[in-house]
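Chemist: My questions all concern the structure below.
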Amino acid sequence: MTLQATLLLIFHFAVLLLITKPLGAYMARVFEGERTPLHGVFGGLERATYRVLGIDPNEDMQWTTYCVAMLLFSLASLVFTYGALRLQGILPLNPQHFGAAQMPAHLAFNTAVSFTTNTNWQAYSPEVTISYFSNMVALAIHNWASAAVGIAIAIALIRGFARKSANGIGNFWADVVRCTLYVLLPICFVGALVFVASGVPQNFARYTTFTTLEGAKQTIAFGPVASQEIIKQLGTNGGGFFNANSSHPFENPTWFSNLFTLMVIWSIPASITHTFGKMVGNAKQGWAVFGAMAALALAGMLICISAEQAGTSHLDAAHIQTLATATQPGGNMEGKEVRFGIAASGLFADVTTGASCGAVNSMHDSYTPLGGLVPLFNMLTGEVIFGGVGAGLYGMLMFAVLAVFIAGLMVGRTPEYIGKKIEKFEVQMAMLATLVLAASVLFLTALSSTLDLPKQGALAALNTWPGSAYGGADSIYGAATGNLNNAGPHGFSEILYAYASGTGNNGSAFAGISANTPWYNVTIALAMLIGRFLMIVPLLAMAGALAKKNAVATSSGTFPTDTATFAGLLVGVVLIVGALTYFPGLSLGPIVEHYQMLALASH
Amino acid sequence: MSDLILLATAIGFFLVAIAYTHGCEKLRRGGSQ
C-alpha cells in the first residue's frame with residue numbers, strides 16, 4: 001500500500017461517514033411520510049402523480065399485495081423496454097440509424113431484464129447499438145425505477161422490524177414515487193451539473209469524425225452522457241453510456257470526477273443503514289450494520305489494492321518496474337487508466353462490486369488473480385458490502401437474521417432481532433433467499449463450463465455471435481467455453497464472474513467473454529431475474545411476518561445487536577456462508593491461477 | 001430466437017414469482033397456526 005492509497009481510503013471513508021447520517025435521516029423522514037424542505041418543490045407533483053395514477057398513498061398494503069404490485073410493475077416496465085429496444089429503428093433520437101439488426105431479440109431480452117433488475121449488464125457496445133431514445137427512455141426509466149424499487153423493498157423490510165402487530169408494510173406506489181421525487185431527482189439534478197462541470201458531455205450531437213495525428217480517421221461518440229451518468233452511479237445501476245464505461249474520458253474525465261463517482265455510488269447504500277436505525281428507533285442498530293459492511297469493504301480494498309500494487313512475477317521477469325515512484329504508479333497497470341493509477345482503480349473495483357453498481361474504471365479481467373478475486377467475492381456475498389441501493393441493506397438484514405439464529409443456537413435461546421422473535425418462518429425465508437442465489441450462480445456456471453453445442457445445424461445458432469449486424473462475420477462458438485478469450489482457470493473465472501455478476505445484479509464484466517450470443521444472453525438474463533425477484537419475495541414475506549409480531553421486552557438474555565460484537569458476528573456469517581458456498585468455485589478460478597503464477601515464477 | 005418465446009419466458013417467470021409469493025404466504029399462515 002502506498003501513502004497515496006492509504007490517504008485515498010481514509011478520505012473515502014471519511015466522506016462516507018459525513019454523508020451517512022444526514023442523508024439517512026432525511027430518507028427516514030421521506031419514507032415516514034414526514035414533510036421535508038423539498039415538499040415545497042415536489043409536493044404538488046407528488047399529489048398530482050397519485051391523482052393521475054389513482055393511488056391512495058395512505059393505503060397500507062399487506063406484504064403479498066406489496067410484492068405483487070412490485071412484480072407487475074417490473075414486468076410491465078420490462079415489456080415496455082423490450083418493445084422500445086426492438087423498435088428503436090422507427091423511434092426518434094436515432095441519428096446513427098440503429099435498428100433491430102443491432103438489437104436482436106435475445107439481446108433485447110437480456111438488456112430489458114438487465115435494466116429492470118438494476119443489473120445493467122451490457123452484452124453490447126452502446127456506441128454501435130443503442131439510439132439516444134433507447135438510452136434516455138427505454139433504459140433510463142429503469143435506472144430510476146429499479147433503484148426506487150430496490151429502496152422501497154428495503155424500506156418495507158425495515159417497517160417489518162419497526163412495526164408492531166401491523167397488517168401492512170407500507171404502500172409500494174407511494175414508496176417508489178417518494179423515493180424518485182425526494183431522493184433520486186434532487187441528487188441527480190445537482191450531480192449531473194457536477195459531471196458537466198467536470199467535462200462530461202450533455203448533447204444530442206451526431207458522432208463526429210476526426211483525423212488523428214497519425215492521419216487515421218477516428219469517430220468520437222457524444223450524447224446526453226452527464227444526465228445518464230449521475231443516475232447510473234447514484235442508483236447503483238452501472239450501465240455505461242460508452243462501452244468502456246467509467247474508464248471512458250467522457251464518462252469519468254478526471255481524478256475529481258472519479259472521487260465524486262465513488263462517493264455517489266455508496267451514498268445511498270451507506271446512508272440507508274442510518275435510515276434503518278432511525279426507523280427502528282435505535283440508531284446504533286444501523287451503525288452496527290454499517291460497521292459490518294465497512295469492515296468487509298476495507299478488507300477487500302486492502303487485499304485488492306495490495307495485490308495490484310505488488311504486480312506479478314511476469315512483469316518482474318520482463319524487467320518492468322513494479323515499484324511505485326514519484327512519477328510512476330508501479331504495480332500491475334494493465335487494463336488501468338494512467339489518470340487513475342493503482343489505488344483509485346482498485347478502490348473503484350471494490351466499491352462498484354461491493355455496491356452491485358457494475359460501473360468500471362478499469363478492466364477487472366486484467367487484475368492479478370488475487371486482485372480479481374476480491375470483486376468476484378464481493379458479488380458472491382450477495383452484494384451486501386453496502387450493496388445496491390436498498391438491495392444491500394435487505395441482503396445484509398437477511399444475514400443479520402441468520403446471525404442471530406446462529407447466535408441463538410450457540411447460547412440456547414430464542415433468537416431476537418430489533419425486538420422481534422426470529423422463528424422458523426423467518427429463518428426459512430432467509431435460507432430460501434440465500435440458497436437461490438447460490439443455486440443460480442453455481443448451476444449456470446457449471447452448465448456453461450461443460451455445454452458443448454454443435455457448430456452446424458439449428459442448435460449452432462444458440463451460441464453464435466451476430467457479427468454480421470456490425471458489418472463483420474458471425475462467429476459460431478459451439479461450446480460455451482468457446483466464447484472465452486482465455487483457457488484454464490482464468491477462463492473459468494470469466495464464466496463464474498458473468499453469472500455472479502448477473503445473479504448479484506451487479507452488471508460489471510470480467511470481460512474476456514463474448515457474451516452477446518443467445519445462450520449467454522438468455523441464461524444470464526435468467527440469472528438476473530432469479531437473483532433479483534426470487535430473493536425479494538421471501539424477504540418481503542419475512543417483512544410481512546415480522547410486522548404482524550409484537551415486540552418482545554429486552555431481558556438479560558437478549559443478545560444485543562447494536563454492538564461491535566454483533567457487527568463482528570455478522571461479518572463472520574457473511575464470510576462463512578460465502579466461503580463455504582463458493583470456495584470450490586473460487587479454488588478452480590482465481591486461487592489456482594494465483595498458484596500457477598507463483599509456480600511459473602519459480603521456474 | 002423469436003420475440004414471442006422470449007416475452008412468454010419473461011411473463012412465465014413473473015407468474016412463477018407471483019405463485020411463489022402466494023406459496024410463501026401459505027407457508028406463513030401454516031406456520032402461525
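Here's how to read the names in the C-alpha cells: chain A, B, ... by the order shown, residue numbers from 1 in each chain, ligand numbers from 1 in the order shown.
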Residues of region 269-376 of chain A that approach region 118-125 of chain A to 8 Å or less, counting only C-alpha atoms: could you list each one with the shortest pair of atoms and its distance in Å to one decimal, rows by chain and increasing residue number, as JSON lines?

Modeler:
```
{"residue": "A:Ser356", "atom": "CA", "partner": "A:Thr119", "partner_atom": "CA", "distance": 7.4}
{"residue": "A:Cys357", "atom": "CA", "partner": "A:Thr119", "partner_atom": "CA", "distance": 7.4}
{"residue": "A:Gly358", "atom": "CA", "partner": "A:Asn120", "partner_atom": "CA", "distance": 7.3}
```

Chemist: Just write the chosen residues, N, CA and C atoms, as a PDB file, in the first residue's frame.

Modeler:
```pdb
ATOM      1  N   SER A 356     -22.998  -3.520  -5.995  1.00  0.00           N
ATOM      2  CA  SER A 356     -23.836  -4.009  -7.102  1.00  0.00           C
ATOM      3  C   SER A 356     -24.094  -2.898  -8.115  1.00  0.00           C
ATOM      4  N   CYS A 357     -23.077  -2.038  -8.299  1.00  0.00           N
ATOM      5  CA  CYS A 357     -23.200  -0.973  -9.301  1.00  0.00           C
ATOM      6  C   CYS A 357     -22.810  -1.514 -10.668  1.00  0.00           C
ATOM      7  N   GLY A 358     -21.572  -1.953 -10.776  1.00  0.00           N
ATOM      8  CA  GLY A 358     -21.157  -2.560 -12.044  1.00  0.00           C
ATOM      9  C   GLY A 358     -20.464  -1.614 -12.993  1.00  0.00           C
TER      10      GLY A 358
END
```

Chemist: Might you pull out every residue within 12 Å of region 12-21 of chain B, with only C-alpha atoms counted and same-chain residues fewer than 6 positions away left off, and present them as an MDAnalysis selection string?

Modeler: (chainID A and resid 62:76 78:79 113 429 432 525:542 544) or (chainID B and resid 4:6 27:28)

Chemist: Go ahead and write the selection's residues with C-alpha atoms as a tab-separated table (two decimals), in the first residue's frame.

Modeler:
```
chain	number	residue	atom	x	y	z
A	62	GLN	CA	-50.13	-6.44	3.13
A	63	TRP	CA	-46.83	-7.95	2.05
A	64	THR	CA	-48.44	-10.07	-0.68
A	65	THR	CA	-50.12	-7.00	-2.23
A	66	TYR	CA	-46.89	-5.02	-1.96
A	67	CYS	CA	-44.95	-7.87	-3.59
A	68	VAL	CA	-47.40	-8.49	-6.44
A	69	ALA	CA	-47.52	-4.74	-7.18
A	70	MET	CA	-43.72	-4.72	-7.39
A	71	LEU	CA	-43.69	-7.80	-9.65
A	72	LEU	CA	-46.35	-6.47	-12.03
A	73	PHE	CA	-44.68	-3.04	-12.20
A	74	SER	CA	-41.37	-4.71	-13.04
A	75	LEU	CA	-42.94	-6.96	-15.68
A	76	ALA	CA	-44.76	-4.06	-17.36
A	78	LEU	CA	-39.59	-4.88	-18.76
A	79	VAL	CA	-42.01	-5.48	-21.64
A	113	VAL	CA	-34.09	-7.83	-17.97
A	429	MET	CA	-37.29	-17.27	4.24
A	432	LEU	CA	-34.58	-19.52	0.64
A	525	ALA	CA	-30.99	-12.90	-18.10
A	526	LEU	CA	-32.44	-15.80	-16.11
A	527	ALA	CA	-29.67	-15.38	-13.52
A	528	MET	CA	-30.58	-11.69	-13.20
A	529	LEU	CA	-34.30	-12.43	-12.78
A	530	ILE	CA	-33.64	-15.14	-10.18
A	531	GLY	CA	-31.12	-13.01	-8.28
A	532	ARG	CA	-33.48	-10.06	-8.09
A	533	PHE	CA	-37.01	-11.33	-7.67
A	534	LEU	CA	-36.61	-14.78	-6.11
A	535	MET	CA	-34.57	-13.10	-3.39
A	536	ILE	CA	-37.03	-10.25	-2.85
A	537	VAL	CA	-40.14	-12.45	-2.50
A	538	PRO	CA	-39.01	-14.37	0.62
A	539	LEU	CA	-37.58	-11.20	2.18
A	540	LEU	CA	-40.89	-9.39	1.75
A	541	ALA	CA	-42.60	-12.46	3.22
A	542	MET	CA	-40.27	-12.09	6.19
A	544	GLY	CA	-44.89	-9.28	6.45
B	4	LEU	CA	-42.85	-14.36	-28.65
B	5	ILE	CA	-40.82	-17.09	-26.97
B	6	LEU	CA	-38.73	-14.57	-25.05
B	27	LEU	CA	-46.34	-21.33	4.47
B	28	ARG	CA	-46.51	-18.33	6.84
```

Chemist: Would you mind writing down, as a ChimeraX atom specification, each residue of region 48-278 of chain A that DSSP on the backbone assigns to alpha helix (DSSP H)?

Modeler: /A:48-53,63-86,105-116,132-133,140-162,172-178,185-198,225-234,255-278

Chemist: With distances taken over only C-alpha atoms, which residue among A:Phe510, A:Phe172, A:Phe195, A:Phe204 lies nearest Ala226 (chain A)?

Modeler: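 Closest residue, counting only C-alpha atoms: A:Phe195.
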
Chemist: So that I can check the surroundings of Gln328 (chain A), please list as JSON, numbers by chain every protein, DNA and RNA residue that reaches within 9 Å of it, counting only C-alpha atoms and ignoring chain neighbours fewer than 6 positions away.

Modeler: {"A": [321, 322, 341]}

Chemist: For region 399-411 of chain A, please output as a list in words all residues within 8 Å (counting only C-alpha atoms; exclusion window: fewer than 5 positions along the same chain).

Modeler: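 So the residues in contact are Glu416, Tyr417, Ile422, Glu426, Val427, Ala430, Phe559, Leu569, Leu570, Val573 and Val574 of chain A.
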
Chemist: Would you export the selected residues with N, CA and C atoms as a compact mmCIF listing (two decimals), in the first residue's frame, please?

Modeler:
```txt
# COMPACT_ATOMS: atom_id res chain seq x y z
N GLU A 416 -33.62 -13.23 18.70
CA GLU A 416 -34.39 -11.99 18.56
C GLU A 416 -33.56 -11.01 17.76
N TYR A 417 -34.26 -10.14 17.00
CA TYR A 417 -33.56 -9.06 16.29
C TYR A 417 -34.48 -7.86 16.28
N ILE A 422 -37.21 -14.18 16.18
CA ILE A 422 -36.91 -14.78 14.88
C ILE A 422 -37.25 -16.26 15.01
N GLU A 426 -39.13 -17.09 9.59
CA GLU A 426 -38.15 -16.08 9.18
C GLU A 426 -36.85 -16.74 8.73
N VAL A 427 -36.44 -17.78 9.45
CA VAL A 427 -35.20 -18.46 9.07
C VAL A 427 -35.39 -19.20 7.75
N ALA A 430 -35.10 -16.58 5.07
CA ALA A 430 -33.71 -16.14 4.90
C ALA A 430 -32.91 -17.20 4.15
N PHE A 559 -29.63 -11.05 23.21
CA PHE A 559 -28.32 -10.82 22.60
C PHE A 559 -28.33 -9.43 21.95
N LEU A 569 -19.93 -10.63 14.42
CA LEU A 569 -20.65 -11.88 14.13
C LEU A 569 -21.25 -11.84 12.72
N LEU A 570 -21.77 -10.67 12.37
CA LEU A 570 -22.38 -10.50 11.05
C LEU A 570 -21.33 -10.69 9.95
N VAL A 573 -20.59 -14.39 9.65
CA VAL A 573 -21.63 -15.16 8.94
C VAL A 573 -21.54 -14.92 7.43
N VAL A 574 -21.33 -13.67 7.02
CA VAL A 574 -21.21 -13.37 5.59
C VAL A 574 -20.02 -14.13 5.00
```

Chemist: What is the CA of Ala344 (chain A)-CA of Pro269 (chain A) distance in Å, reported with one decimal?

Modeler: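 Between CA of Ala344 (chain A) and CA of Pro269 (chain A) the gap is 20.0 Å.
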
Chemist: Find the spatial neighbours of Met136 (chain A), counting only C-alpha atoms, within a cut-off of 9 Å - ignore same-chain residues fewer than 4 positions away - and output them as a list in words.

Modeler: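 My reading of the contact set: Ser131, Tyr132, Ala140, Ile141, Pro224, Ser227 and Gln228 of chain A.
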
Chemist: Write the selection just made, keeping N, CA and C atoms, as a CSV table (one decimal), in the first residue's frame?

Modeler:
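File part_28.csv, as written:
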```csv
chain,number,residue,atom,x,y,z
A,131,SER,N,-29.7,3.7,-29.7
A,131,SER,CA,-30.0,5.1,-30.1
A,131,SER,C,-30.1,5.9,-28.8
A,132,TYR,N,-30.2,7.2,-29.0
A,132,TYR,CA,-30.3,8.1,-27.9
A,132,TYR,C,-31.7,7.9,-27.2
A,140,ALA,N,-33.1,4.4,-19.4
A,140,ALA,CA,-33.0,5.3,-18.3
A,140,ALA,C,-34.2,5.2,-17.3
A,141,ILE,N,-35.4,4.8,-17.9
A,141,ILE,CA,-36.5,4.7,-17.0
A,141,ILE,C,-36.2,3.7,-15.9
A,224,PRO,N,-26.2,12.5,-24.6
A,224,PRO,CA,-26.6,13.1,-23.3
A,224,PRO,C,-26.0,12.3,-22.1
A,227,SER,N,-26.4,13.4,-17.7
A,227,SER,CA,-27.7,13.1,-17.1
A,227,SER,C,-27.8,11.6,-16.8
A,228,GLN,N,-27.2,10.8,-17.7
A,228,GLN,CA,-27.3,9.3,-17.6
A,228,GLN,C,-26.2,8.9,-16.5
```

Chemist: I'd like to know which of A:Ala297, A:Phe109, A:Pro201, A:Gly160 is closest to Thr9 (chain B), using only C-alpha atoms.

Modeler: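 Closest to Thr9 (chain B) of all the choices is A:Phe109.
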
Chemist: Tell me, as a compact mmCIF listing (two decimals) with N, CA and C atoms, in the first residue's frame, which residues lie within 12 Å of Ser587 (chain A), counting only C-alpha atoms; anything in the same chain fewer than 6 positions away does not count.

Modeler:
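Result file selection_18.txt:
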```
# COMPACT_ATOMS: atom_id res chain seq x y z
N PRO A 369 -4.55 -12.42 -10.09
CA PRO A 369 -5.55 -13.39 -9.61
C PRO A 369 -6.19 -12.98 -8.28
N LEU A 370 -5.38 -12.55 -7.31
CA LEU A 370 -5.95 -12.18 -6.01
C LEU A 370 -6.69 -10.85 -6.09
N LEU A 373 -9.93 -11.65 -7.49
CA LEU A 373 -10.77 -12.46 -6.60
C LEU A 373 -11.67 -11.56 -5.74
N PHE A 377 -15.53 -12.06 -5.16
CA PHE A 377 -16.04 -12.43 -3.84
C PHE A 377 -17.10 -11.44 -3.36
N PRO A 489 -7.90 -21.78 -15.71
CA PRO A 489 -8.62 -21.18 -14.57
C PRO A 489 -9.09 -19.75 -14.83
N HIS A 490 -8.34 -18.99 -15.63
CA HIS A 490 -8.78 -17.62 -15.88
C HIS A 490 -10.07 -17.61 -16.70
N PHE A 492 -12.29 -20.00 -16.61
CA PHE A 492 -13.35 -20.40 -15.68
C PHE A 492 -13.80 -19.20 -14.85
N SER A 493 -12.83 -18.38 -14.43
CA SER A 493 -13.18 -17.18 -13.65
C SER A 493 -14.10 -16.27 -14.46
N LEU A 496 -17.58 -17.77 -14.21
CA LEU A 496 -18.09 -17.62 -12.84
C LEU A 496 -18.44 -16.16 -12.57
N ALA A 579 -17.74 -18.30 1.97
CA ALA A 579 -16.61 -19.21 1.82
C ALA A 579 -17.07 -20.64 1.61
N LEU A 580 -18.04 -21.08 2.42
CA LEU A 580 -18.47 -22.48 2.30
C LEU A 580 -19.17 -22.73 0.97
N THR A 581 -19.92 -21.74 0.50
CA THR A 581 -20.70 -21.95 -0.72
C THR A 581 -19.83 -21.87 -1.96
N GLU A 593 -5.20 -20.07 -10.17
CA GLU A 593 -4.45 -19.21 -11.09
C GLU A 593 -3.30 -18.51 -10.36
N HIS A 594 -3.58 -18.13 -9.11
CA HIS A 594 -2.54 -17.48 -8.30
C HIS A 594 -1.37 -18.44 -8.10
N TYR A 595 -1.68 -19.70 -7.76
CA TYR A 595 -0.60 -20.66 -7.52
C TYR A 595 0.11 -21.03 -8.82
N GLN A 596 -0.62 -21.05 -9.92
CA GLN A 596 0.03 -21.28 -11.22
C GLN A 596 1.04 -20.17 -11.50
```

Chemist: In Å, rounded to a single decimal, give me how far CA of Gly478 (chain A) is from CA of Leu453 (chain A).

Modeler: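 A separation of 4.6 Å between them.
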
Chemist: Could you check the closest approach to Asn167 (chain A) for each of A:Leu546, A:Ala295, A:Leu107, A:Ala343 and tell me which residue wins, using only C-alpha atoms?

Modeler: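 Residue with the minimum atom-to-atom distance to Asn167 (chain A): A:Leu546.
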
Chemist: Can you list, as a PyMOL selection string, every protein, DNA or RNA residue that comes within 12 Å of region 4-16 of chain A when you count only C-alpha atoms, leaving out same-chain residues fewer than 2 positions away?

Modeler: chain A and resi 1-2+18-24+255+258-274+290-291+293-295+297-302+304-306+308-309+324-326+329+340-348+350-351+386

Chemist: How far is it from CA of Gly392 (chain A) to CA of His106 (chain A), in Å with one decimal?

Modeler: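 Rounded to one decimal, the two atoms are 29.0 Å apart.
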
Chemist: Between A:Val52, A:Leu181, A:Ala551, A:Ala100, which is the closest to chain B once you count only C-alpha atoms?

Modeler: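 With only C-alpha atoms as the atom set, the closest residue is A:Ala100.
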
Chemist: Using DSSP on the backbone, list every residue of region 194-262 of chain A that comes out as strand (DSSP E or B), and give them as number ranges by chain.

Modeler: A: 202, 208-211, 217-220, 224

Chemist: Which one is closest to chain B: A:Thr561, A:Thr414, A:Asn463, A:Gln456? Count only C-alpha atoms.

Modeler: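 Between A:Thr561, A:Thr414, A:Asn463, A:Gln456, the residue approaching chain B most closely is A:Asn463.
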